[in-house]
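One structure is given below, encoded as structure tokens.
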Amino acid sequence: INAEYGGKVESRDREQDLLLIIIRHHMSRDTSELEPVHKKRRVEHFSDSNNDVEMQQSNGNGSTTATNGDIDESLYSRQLYVLGHEAMRKMAASSILICGLGGLGVEVAKDIILGGVKSVTLQDTKLTSYQDLSSQFFLRESDLGKNRAEASLPRLVELNEYVSTTCTTEAVTTDLVSKFSVVVLTDSSREEQLTVGDFCHANDIKFICANTNGVFGSIFCDFGEDFKVTDTNGEQCLSVMVSAVSKDSDGIVTCLDEKRHGFEDGDFVTFHEIGGMVELNECTPRKIEVKGPYTFSIGDTSAFSDYTRGGIVTQVKMPTSVHFKSMRDALKDPEVLPTDFAKFEQPYQHHICYLALSEFHKSAGRLPKPYKAEDNAAFVTACNQVNDKYSLGLEVNAQLCEEFANGCSGQLVGVQAFIGGTTAQEVMKACSGKFMPTKQWLYFDCAEVIPQGLKEEDCEATDSRYDGQVLCLGREMNAKIADQKWFVVGAGAIGCELLKNFAMMGVGHNKGMLTVTDMDTIERSNLNRQFLFRSWDVTKMKSDTACNAVKEMNPDINVTSHQNRVGPETEKIYTDSFFADLNGVANALDNVDARSYMDRRCVYYKLPLLESGTLGTKGNVQVVLPHITESYSSSQDPPEKTIPMCTLKNFPNAIEHTIQWARDQFEGLFTKTAENNHKFITEPKFLEKQKSGGALMSILEGLRKDLSTERPTDFTDCIRWARLLFEDNFHNTIAQLLYNFPSDQKTSSGALFWSGPKRCPTAIEFDANNSEHLDFIVAAANLRAFNFSIPTNRNRDFIKGHVSKVTVPPFKPRSGVKIAVTEAEAENMNNDDESDSEKASVILEELNAKMDELRSLNIQVADFEKDDDTNFHMDFITACSNARAASYRIAPANKHKTKLIAGKIIPAIATTTAVVAGLVSIEMYKMIQGLKDVEKYKNAFLNLALPFFAFSEPILAPKNKYYDVEWTLWDRYDIKGDITLQELLDIFENEHKLEISMLSQGVCMLYAFFMPADKRRERCGMKISELVELVTKKKLPAHKRALVLEICCNDSEGEDVDTPYINYSLP
């Protein structure tokens, strides 16, 4: 894949092939490729000193940590899964200077402060103008004429209490710059850039220069002569099992053929648990050369011992040194990172344009005026002059230069979000050495958004908060934006960024409306990336809080908040008339089901959809255009990877296996069993609803244990239960497994049974002095107590004292116990469970006899909640997983990593969210204009860690055909009026020459050719609405104005043909 990133795209087809490859590998919606967490202690300690710069002081304490010096994992949890503790520790020691607090500067500052550096100092000498209000979301009209940094400071301080945020209004000097780890210049002159850049390069200060000018943007990075990168891509280190190692001058490693090793030429690896060739165990990382999907070479192994069995090979990330040129040198010899392969040569033209822009501004004292002929001519002349001055040797494209001159005067919030978010990520790289920096220039443009036919008078500023937008897009476009009605689904991380952008754009500020829905409340972990929320907003509704926040940013906009989940259950709220009034939908969702549902709604109502998502540093944007492109649901992700049942139960070989097993234990012990107990007591017909057979018997036996034979009455009973559970899970079960399959057992082929992916376990002897064993008892006992409403007890000494007194019955393995070795055996054993009706009757009689006593119990269900550190949920899963891992000699995972896997957490960081939301906003401009040319739109995939950007035109909707009629997913048969089924059949026979063989509505079959003749005759005479009510046994809801009818048809030759659905409008 890295080779694909680096390859030059030769054609549009090649570009799309590349994009598909990358998306398949990096943007699958499952969470199988999440950022790893290094095996460190849960808490990182590090020192924190005072801010180096004496300036206006904020309330921050200058650290990403809580007051005791520990990383606040409740706040930074999702970002920690992206960066890791080590990178966060380095960031917390870094002081950042951000110069220029326009729309770009405030975006950079926001993302950096949310990220958790030591300190941020805001420098600006400029005063707030109307044009600033177009994109600077922390400035208000009341701030006009005030210093931008001073006016923004109070709102930026609120973002993160752990970051010392200050401001200064003094000019940028080398004395000021010398006090910081990283310096970011925005909105600065070329002379200032060169002066600061030279000083930073000479003094090992990381230097970044970022600019946005209308639809254009640029970033320059200089991290010094020898910058060390510890992790170039952020991907999890690969680890695979070894089946053979040759003894040769170029030793070949062969991996188990269960899966491809995934390594690339030049990777470094080390080994452990190798049998025989022990010299490889814990060896210095060795460089490899890939020989095939299951083999690679590691150099000379001829002097080593003979390989005998087993072992694991693990990828090792080696530090990489990156050399940067100073800006002064890089201007003459630019190294450019491409952002759009369809515009492969344009970045070099933009390099010329930015050089010319500096010269033009220096000469005229202003930027070129849009569509002013004299300015265009002067700018093209300046482009030719700088091309010669810097000996660039490029052929100047006059048309592109004029396009730049016309589009560089205003400010668009979407461009600033893209450049600002990317810049902020570069700052984090500079602080931490995590991920590959931009080398060295990045140029971006979205000139496609500029309406055709604009004139100079269309783009004149009028002292309005939308001046920055008008300068780029004209007054007519600004008026269109003001009348837009859009539905924003979700007010989480992406939702907050979209709402901020839409507010700055003025979406719906005249006759339009923004409608936002989100049913979630704000949690502390949201505050690290959902920047519209503050600590005092925790527990409030996201949608209400977000709408109030953006209303403060732009009081003009019309915005309505809802707290509804989108789905069939809310179609009485989001009715036909609601969708008919919309111009489009922007999804900001976090799950596939909701995305797919909204996609189907947009296809049905023929509405544009902007779809987006993030996964750590990766992000994507998809544009869905009615009648033109495929929809979100047109492509399917591969099924989520599952762990085989036999591996989970008996043969784990990775920490992911033990964590999933522990998660299942939690669900079975404290959730499902508690639910059964509660329902048995409160619902008289609970058992009648259960399936007969083994499942029912299992429920009854569980009820007997919990409500009769093992029901706890005090906390010491819970301790005893937890101790016996430990014995059963980690000693008895393992002892039985080893009784069935001894460590030296061989298969019928003579191979050792315990080899390859099967790791031979060891039965664990409980030790109250072992803190990890006691962790299990503490968590399990407290969860048991919670289930039965017994007061909990966190006193470890008390628990340790009592657990040591528990008498544990001796265990003796039994003959005849079946243990599944293969997935097929595991499935068969599940299906072989049988019911014992006599035993069931005895248990039921026993429980019913105690029903009066049981009704006094208050059974509580422990619904899994990963982000509450006080509820023992993650404590139990971590302790349970690690105890099982110890039994199978698998490296343990700390609570932080366990939470990632057990909670299926999606890593997230504010920088990626800002970039993705910026790209969505840019595509929205095109939709508002009503552009039909698909080549003007851009689907996007990006990975800020690499960094990598890929844009491609949206894929056209596939065409289907019957007879000579072509149709796509956007087409349908519109039938109006309440007609009979026979009339419907006749319409298709006469007008479309199609015979309907089957007709359904939802999951209900209304008509089929194989129905009995009398039933067909009866139904053919009924109105469609009556027929639907008859079959569904429900009255049609009053809000329902149309029915979707699915049909199967035969053509005139009796062949099956694919057709659109029927949209049946009710009278």
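Each chain in the structure tokens gets a letter, A, B, ..., in the order shown, and its residues are numbered from 1; ligands are numbered from 1 in order too.
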- Query: Near segment 206-222 of chain A, counting only C-alpha atoms, which residues have an atom at most 7 Å away, once you skip same-chain residues fewer than 6 positions from it, shown as number ranges by chain?
  - Reply: A: 104, 181-187, 197, 200, 324-326, 407-412, 415-416, 419, 423, 430, 438-447, 472
Writer output for current selection, N, CA and C atoms, as a short mmCIF file (atom, residue, chain, number, x, y, z; two decimals), in the first residue's frame:
```cif
data_model
loop_
_atom_site.label_atom_id
_atom_site.label_comp_id
_atom_site.auth_asym_id
_atom_site.auth_seq_id
_atom_site.Cartn_x
_atom_site.Cartn_y
_atom_site.Cartn_z
N LEU A 104 -7.96 31.14 9.52
CA LEU A 104 -7.01 30.03 9.48
C LEU A 104 -6.32 29.87 10.83
N SER A 181 8.74 25.89 20.97
CA SER A 181 9.14 24.65 20.31
C SER A 181 8.74 24.64 18.85
N VAL A 182 7.55 25.17 18.57
CA VAL A 182 7.00 25.19 17.22
C VAL A 182 6.42 26.57 16.97
N VAL A 183 6.69 27.10 15.78
CA VAL A 183 6.16 28.41 15.38
C VAL A 183 5.31 28.23 14.13
N VAL A 184 4.09 28.77 14.17
CA VAL A 184 3.18 28.71 13.03
C VAL A 184 2.86 30.13 12.59
N LEU A 185 3.17 30.45 11.33
CA LEU A 185 2.83 31.76 10.77
C LEU A 185 1.62 31.62 9.87
N THR A 186 0.63 32.47 10.07
CA THR A 186 -0.49 32.60 9.14
C THR A 186 -0.67 34.09 8.87
N ASP A 187 -1.18 34.40 7.71
CA ASP A 187 -1.50 35.81 7.42
C ASP A 187 -0.27 36.70 7.59
N GLY A 197 11.68 31.99 9.29
CA GLY A 197 12.09 30.68 8.82
C GLY A 197 13.58 30.45 8.94
N CYS A 200 14.43 30.00 12.70
CA CYS A 200 13.98 28.69 13.21
C CYS A 200 14.88 27.57 12.70
N PHE A 324 15.03 18.59 6.16
CA PHE A 324 14.24 19.70 5.63
C PHE A 324 15.16 20.83 5.19
N LYS A 325 14.78 21.48 4.10
CA LYS A 325 15.45 22.70 3.67
C LYS A 325 14.77 23.90 4.31
N SER A 326 15.51 24.98 4.46
CA SER A 326 14.89 26.22 4.94
C SER A 326 13.94 26.75 3.88
N GLY A 407 -9.59 34.41 -7.61
CA GLY A 407 -10.15 33.64 -6.50
C GLY A 407 -9.40 33.71 -5.20
N CYS A 408 -8.43 34.66 -5.09
CA CYS A 408 -7.55 34.64 -3.91
C CYS A 408 -7.85 35.72 -2.89
N SER A 409 -8.89 36.52 -3.10
CA SER A 409 -9.08 37.69 -2.24
C SER A 409 -9.93 37.41 -1.00
N GLY A 410 -10.87 36.51 -1.09
CA GLY A 410 -11.78 36.29 0.03
C GLY A 410 -11.29 35.24 1.01
N GLN A 411 -12.22 34.77 1.84
CA GLN A 411 -11.93 33.71 2.80
C GLN A 411 -13.11 32.75 2.84
N LEU A 412 -12.83 31.48 2.62
CA LEU A 412 -13.86 30.44 2.70
C LEU A 412 -13.55 29.54 3.90
N VAL A 415 -12.11 25.94 3.16
CA VAL A 415 -10.68 25.89 2.81
C VAL A 415 -9.84 26.06 4.07
N GLN A 416 -10.26 26.97 4.93
CA GLN A 416 -9.49 27.21 6.15
C GLN A 416 -9.57 26.02 7.10
N ILE A 419 -7.04 23.43 5.47
CA ILE A 419 -5.64 23.82 5.68
C ILE A 419 -5.32 23.90 7.16
N THR A 423 -2.61 21.66 9.07
CA THR A 423 -1.51 22.36 9.74
C THR A 423 -1.40 21.94 11.20
N ALA A 430 5.42 17.74 14.66
CA ALA A 430 6.63 18.46 15.04
C ALA A 430 6.92 18.29 16.53
N THR A 438 4.76 16.63 6.37
CA THR A 438 4.64 17.08 4.99
C THR A 438 6.00 17.54 4.51
N LYS A 439 6.39 17.09 3.36
CA LYS A 439 7.75 17.35 2.84
C LYS A 439 7.64 18.03 1.47
N GLN A 440 7.84 19.35 1.30
CA GLN A 440 7.73 20.35 2.34
C GLN A 440 6.57 21.31 2.04
N TRP A 441 6.18 21.39 0.75
CA TRP A 441 5.09 22.26 0.36
C TRP A 441 3.83 21.44 0.10
N LEU A 442 2.71 21.97 0.52
CA LEU A 442 1.40 21.41 0.18
C LEU A 442 0.54 22.54 -0.37
N TYR A 443 -0.01 22.33 -1.58
CA TYR A 443 -0.91 23.33 -2.18
C TYR A 443 -2.27 22.69 -2.42
N PHE A 444 -3.30 23.46 -2.18
CA PHE A 444 -4.67 22.97 -2.32
C PHE A 444 -5.51 24.04 -3.00
N ASP A 445 -6.45 23.59 -3.83
CA ASP A 445 -7.42 24.54 -4.37
C ASP A 445 -8.75 23.84 -4.61
N CYS A 446 -9.80 24.62 -4.62
CA CYS A 446 -11.14 24.13 -4.96
C CYS A 446 -11.80 25.13 -5.91
N ALA A 447 -11.07 25.46 -6.97
CA ALA A 447 -11.55 26.48 -7.92
C ALA A 447 -12.87 26.08 -8.56
N CYS A 472 -15.21 35.72 -3.03
CA CYS A 472 -14.88 34.50 -3.77
C CYS A 472 -15.99 34.06 -4.70
#
```
With 12 Å as the cut-off and only C-alpha atoms counted, what is the closest atom pair between each nearby residue of segment 106-132 of chain A and segment 529-546 of chain A? Distances in Å to one decimal, ordered by chain and number, as JSON lines.
```
{"residue": "A:Glu107", "atom": "CA", "partner": "A:Phe531", "partner_atom": "CA", "distance": 11.0}
{"residue": "A:Ala109", "atom": "CA", "partner": "A:Phe531", "partner_atom": "CA", "distance": 11.8}
{"residue": "A:Lys110", "atom": "CA", "partner": "A:Phe531", "partner_atom": "CA", "distance": 8.0}
{"residue": "A:Asp111", "atom": "CA", "partner": "A:Arg529", "partner_atom": "CA", "distance": 8.0}
{"residue": "A:Ile112", "atom": "CA", "partner": "A:Arg529", "partner_atom": "CA", "distance": 10.5}
{"residue": "A:Ile113", "atom": "CA", "partner": "A:Arg529", "partner_atom": "CA", "distance": 10.1}
{"residue": "A:Leu114", "atom": "CA", "partner": "A:Arg529", "partner_atom": "CA", "distance": 6.5}
{"residue": "A:Gly115", "atom": "CA", "partner": "A:Arg529", "partner_atom": "CA", "distance": 8.1}
{"residue": "A:Gly116", "atom": "CA", "partner": "A:Arg529", "partner_atom": "CA", "distance": 10.9}
```
- Find the spatial neighbours of Phe680 of chain A, counting only C-alpha atoms, within a cut-off of 12 Å - ignore same-chain residues fewer than 5 positions away - and output them as a PyMOL selection string. chain A and resi 673-675+685-690+699-700+702-704+706-707+844+847-848+851+854-855+857+859
- Message: Using only C-alpha atoms, which protein or nucleic acid residues come within 12 Å of Val82 of chain A? Drop anything in the same chain fewer than 5 positions from it, and give the result as a VMD selection string.
- Response: chain A and resid 33 to 38 76 to 77 87 to 88 115 231 233 to 236 425 428 434 to 435 614 to 618 897 900 905 to 912 944 to 945
Limited to N, CA and C atoms, could you put the picked residues into a file as an mmCIF file, in the first residue's frame?
```cif
data_model
loop_
_atom_site.group_PDB
_atom_site.id
_atom_site.type_symbol
_atom_site.label_atom_id
_atom_site.label_comp_id
_atom_site.auth_asym_id
_atom_site.auth_seq_id
_atom_site.Cartn_x
_atom_site.Cartn_y
_atom_site.Cartn_z
ATOM 1 N N GLU A 33 -8.457 -2.466 12.164
ATOM 2 C CA GLU A 33 -7.135 -1.896 11.931
ATOM 3 C C GLU A 33 -6.937 -0.634 12.756
ATOM 4 N N LEU A 34 -7.389 -0.658 14.010
ATOM 5 C CA LEU A 34 -7.293 0.520 14.832
ATOM 6 C C LEU A 34 -5.868 0.747 15.301
ATOM 7 N N GLU A 35 -5.595 1.987 15.665
ATOM 8 C CA GLU A 35 -4.281 2.372 16.161
ATOM 9 C C GLU A 35 -3.926 1.581 17.409
ATOM 10 N N PRO A 36 -2.730 0.979 17.442
ATOM 11 C CA PRO A 36 -2.361 0.197 18.620
ATOM 12 C C PRO A 36 -2.051 1.091 19.804
ATOM 13 N N VAL A 37 -2.153 0.555 20.962
ATOM 14 C CA VAL A 37 -1.743 1.245 22.172
ATOM 15 C C VAL A 37 -0.502 0.540 22.700
ATOM 16 N N HIS A 38 0.562 1.284 22.904
ATOM 17 C CA HIS A 38 1.796 0.672 23.385
ATOM 18 C C HIS A 38 1.586 0.122 24.790
ATOM 19 N N TYR A 76 -8.953 12.524 27.044
ATOM 20 C CA TYR A 76 -8.153 12.296 25.845
ATOM 21 C C TYR A 76 -8.265 10.872 25.292
ATOM 22 N N SER A 77 -9.198 10.069 25.787
ATOM 23 C CA SER A 77 -9.188 8.643 25.469
ATOM 24 C C SER A 77 -9.169 8.375 23.972
ATOM 25 N N ALA A 87 3.580 9.978 22.528
ATOM 26 C CA ALA A 87 3.422 11.198 21.727
ATOM 27 C C ALA A 87 2.697 12.282 22.527
ATOM 28 N N MET A 88 1.685 11.876 23.286
ATOM 29 C CA MET A 88 0.976 12.851 24.108
ATOM 30 C C MET A 88 1.902 13.452 25.164
ATOM 31 N N GLY A 115 -5.914 19.317 21.292
ATOM 32 C CA GLY A 115 -4.974 18.213 21.279
ATOM 33 C C GLY A 115 -4.180 18.064 22.557
ATOM 34 N N ASP A 231 7.342 6.930 14.163
ATOM 35 C CA ASP A 231 6.282 6.092 13.594
ATOM 36 C C ASP A 231 5.772 6.793 12.348
ATOM 37 N N ASN A 233 3.574 5.867 9.999
ATOM 38 C CA ASN A 233 2.210 5.725 9.481
ATOM 39 C C ASN A 233 1.123 5.499 10.519
ATOM 40 N N GLY A 234 1.498 5.191 11.756
ATOM 41 C CA GLY A 234 0.495 5.008 12.793
ATOM 42 C C GLY A 234 -0.236 3.689 12.764
ATOM 43 N N GLU A 235 0.138 2.812 11.842
ATOM 44 C CA GLU A 235 -0.554 1.524 11.763
ATOM 45 C C GLU A 235 -0.028 0.563 12.837
ATOM 46 N N GLN A 236 -0.872 -0.377 13.213
ATOM 47 C CA GLN A 236 -0.495 -1.352 14.216
ATOM 48 C C GLN A 236 0.620 -2.253 13.690
ATOM 49 N N GLN A 425 -2.222 19.140 12.504
ATOM 50 C CA GLN A 425 -1.632 17.812 12.568
ATOM 51 C C GLN A 425 -0.121 17.884 12.377
ATOM 52 N N MET A 428 1.428 18.777 15.616
ATOM 53 C CA MET A 428 1.518 17.609 16.499
ATOM 54 C C MET A 428 2.681 16.701 16.093
ATOM 55 N N LYS A 434 5.625 11.761 15.845
ATOM 56 C CA LYS A 434 4.654 10.727 15.480
ATOM 57 C C LYS A 434 4.066 11.071 14.122
ATOM 58 N N PHE A 435 4.198 10.185 13.160
ATOM 59 C CA PHE A 435 3.721 10.304 11.781
ATOM 60 C C PHE A 435 4.696 11.103 10.916
ATOM 61 N N THR A 614 -14.565 9.439 9.798
ATOM 62 C CA THR A 614 -13.156 9.467 10.182
ATOM 63 C C THR A 614 -12.812 8.208 10.961
ATOM 64 N N LEU A 615 -11.549 7.847 10.933
ATOM 65 C CA LEU A 615 -11.004 6.760 11.737
ATOM 66 C C LEU A 615 -9.574 7.151 12.071
ATOM 67 N N GLY A 616 -9.386 7.769 13.241
ATOM 68 C CA GLY A 616 -8.064 8.282 13.596
ATOM 69 C C GLY A 616 -7.646 9.381 12.641
ATOM 70 N N THR A 617 -6.495 9.200 11.981
ATOM 71 C CA THR A 617 -6.002 10.200 11.030
ATOM 72 C C THR A 617 -6.568 10.004 9.634
ATOM 73 N N LYS A 618 -7.429 9.004 9.462
ATOM 74 C CA LYS A 618 -8.017 8.729 8.152
ATOM 75 C C LYS A 618 -9.397 9.346 8.062
ATOM 76 N N LYS A 897 -5.926 -0.235 26.489
ATOM 77 C CA LYS A 897 -6.025 -1.010 25.248
ATOM 78 C C LYS A 897 -7.231 -1.948 25.289
ATOM 79 N N LEU A 900 -10.295 -0.188 24.261
ATOM 80 C CA LEU A 900 -10.353 0.023 22.815
ATOM 81 C C LEU A 900 -11.008 -1.162 22.118
ATOM 82 N N ILE A 905 -14.065 0.916 20.243
ATOM 83 C CA ILE A 905 -13.918 2.364 20.158
ATOM 84 C C ILE A 905 -13.304 2.752 18.817
ATOM 85 N N ILE A 906 -13.827 3.785 18.216
ATOM 86 C CA ILE A 906 -13.255 4.340 16.992
ATOM 87 C C ILE A 906 -12.285 5.454 17.396
ATOM 88 N N PRO A 907 -10.979 5.303 17.163
ATOM 89 C CA PRO A 907 -10.037 6.377 17.488
ATOM 90 C C PRO A 907 -10.418 7.659 16.755
ATOM 91 N N ALA A 908 -10.216 8.783 17.405
ATOM 92 C CA ALA A 908 -10.637 10.051 16.798
ATOM 93 C C ALA A 908 -9.719 11.165 17.256
ATOM 94 N N ILE A 909 -9.566 12.161 16.385
ATOM 95 C CA ILE A 909 -8.736 13.322 16.689
ATOM 96 C C ILE A 909 -9.327 14.531 15.976
ATOM 97 N N ALA A 910 -9.240 15.688 16.608
ATOM 98 C CA ALA A 910 -9.914 16.885 16.108
ATOM 99 C C ALA A 910 -9.400 17.326 14.744
ATOM 100 N N THR A 911 -8.127 17.066 14.454
ATOM 101 C CA THR A 911 -7.551 17.528 13.192
ATOM 102 C C THR A 911 -8.235 16.884 11.992
ATOM 103 N N THR A 912 -8.386 15.577 12.027
ATOM 104 C CA THR A 912 -9.026 14.869 10.916
ATOM 105 C C THR A 912 -10.462 15.321 10.749
ATOM 106 N N LEU A 944 -3.900 11.744 7.284
ATOM 107 C CA LEU A 944 -3.000 12.814 7.714
ATOM 108 C C LEU A 944 -1.695 12.272 8.276
ATOM 109 N N ALA A 945 -1.658 11.004 8.657
ATOM 110 C CA ALA A 945 -0.433 10.447 9.222
ATOM 111 C C ALA A 945 0.648 10.295 8.177
#
```
- Message: Applying 10 Å and only C-alpha atoms, which residues near segment 504-514 of chain A remain after dropping the ones on its own chain fewer than 2 positions away? List them as a count of residues only.
- Response: 46
- Task: From segment 300-505 of chain A, collect each residue whose DSSP state is strand (DSSP E or B) and return the set as a list of chain:residue names.
- Result: A:Arg309, A:Ile312, A:Val313, A:Thr314, A:Gln315, A:Val316, A:Thr320, A:Ser321, A:Val322, A:Val336, A:Leu337, A:Gln411, A:Lys434, A:Trp441, A:Leu442, A:Tyr443, A:Phe444, A:Asp445, A:Lys485, A:Trp486, A:Phe487, A:Val488, A:Val489
Limited to C-alpha atoms, could you put the picked residues into a file as a PDB file, in the first residue's frame?
```
ATOM      1  CA  ARG A 309       8.949 -25.418  16.075  1.00  0.00           C
ATOM      2  CA  ILE A 312       6.057 -15.386  16.492  1.00  0.00           C
ATOM      3  CA  VAL A 313       7.517 -12.696  14.246  1.00  0.00           C
ATOM      4  CA  THR A 314       6.627  -9.099  15.021  1.00  0.00           C
ATOM      5  CA  GLN A 315       7.155  -5.941  12.998  1.00  0.00           C
ATOM      6  CA  VAL A 316       9.334  -3.277  14.627  1.00  0.00           C
ATOM      7  CA  THR A 320      13.423   7.540  10.403  1.00  0.00           C
ATOM      8  CA  SER A 321      15.471  10.677   9.826  1.00  0.00           C
ATOM      9  CA  VAL A 322      13.954  13.412   7.624  1.00  0.00           C
ATOM     10  CA  VAL A 336       5.618  19.440  -3.342  1.00  0.00           C
ATOM     11  CA  LEU A 337       3.199  16.930  -1.818  1.00  0.00           C
ATOM     12  CA  GLN A 411     -11.932  33.714   2.804  1.00  0.00           C
ATOM     13  CA  LYS A 434       4.654  10.727  15.480  1.00  0.00           C
ATOM     14  CA  TRP A 441       5.086  22.263   0.360  1.00  0.00           C
ATOM     15  CA  LEU A 442       1.398  21.406   0.178  1.00  0.00           C
ATOM     16  CA  TYR A 443      -0.905  23.328  -2.176  1.00  0.00           C
ATOM     17  CA  PHE A 444      -4.675  22.969  -2.316  1.00  0.00           C
ATOM     18  CA  ASP A 445      -7.420  24.540  -4.372  1.00  0.00           C
ATOM     19  CA  LYS A 485     -32.689  24.170   4.003  1.00  0.00           C
ATOM     20  CA  TRP A 486     -30.440  21.332   5.129  1.00  0.00           C
ATOM     21  CA  PHE A 487     -30.788  18.446   7.552  1.00  0.00           C
ATOM     22  CA  VAL A 488     -27.657  17.727   9.627  1.00  0.00           C
ATOM     23  CA  VAL A 489     -27.917  14.246  11.119  1.00  0.00           C
TER      24      VAL A 489
END
```
- Note on the structure: From atom CA of Trp970 of chain A to atom CA of Arg595 of chain A the spacing works out at 17.5 Å
- Measuring atom to atom with only C-alpha atoms, identify which of A:Gly816, A:Gly668, A:Pro958, A:Gly311 is nearest to Leu737 of chain A.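 For Leu737 of chain A, the nearest of the candidates is A:Gly816.
Atom CA of Glu827 of chain A is positioned 25.2 Å from atom CA of Leu725 of chain A.
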- Message: Please extract the residues of segment 689-746 of chain A with a backbone DSSP assignment of helix (DSSP H, G or I) and present them as a PyMOL selection string.
- Response: chain A and resi 689+694-709+715-740
- Task: Go through A:Asn203, A:Ser612, A:Thr658, A:Thr254 and flag the residue nearest Tyr888 of chain A, using only C-alpha atoms for the distances.
- Result: A:Thr658
- Message: Report as a PyMOL selection string all protein, DNA and RNA residues lying within 10 Å of segment 994-1002 of chain A, evaluated on only C-alpha atoms, omitting residues in the same chain fewer than 6 positions from it.
- Response: chain A and resi 962+981+984-988+1008-1011+1028+1031-1032+1043-1057+1059+1061-1062
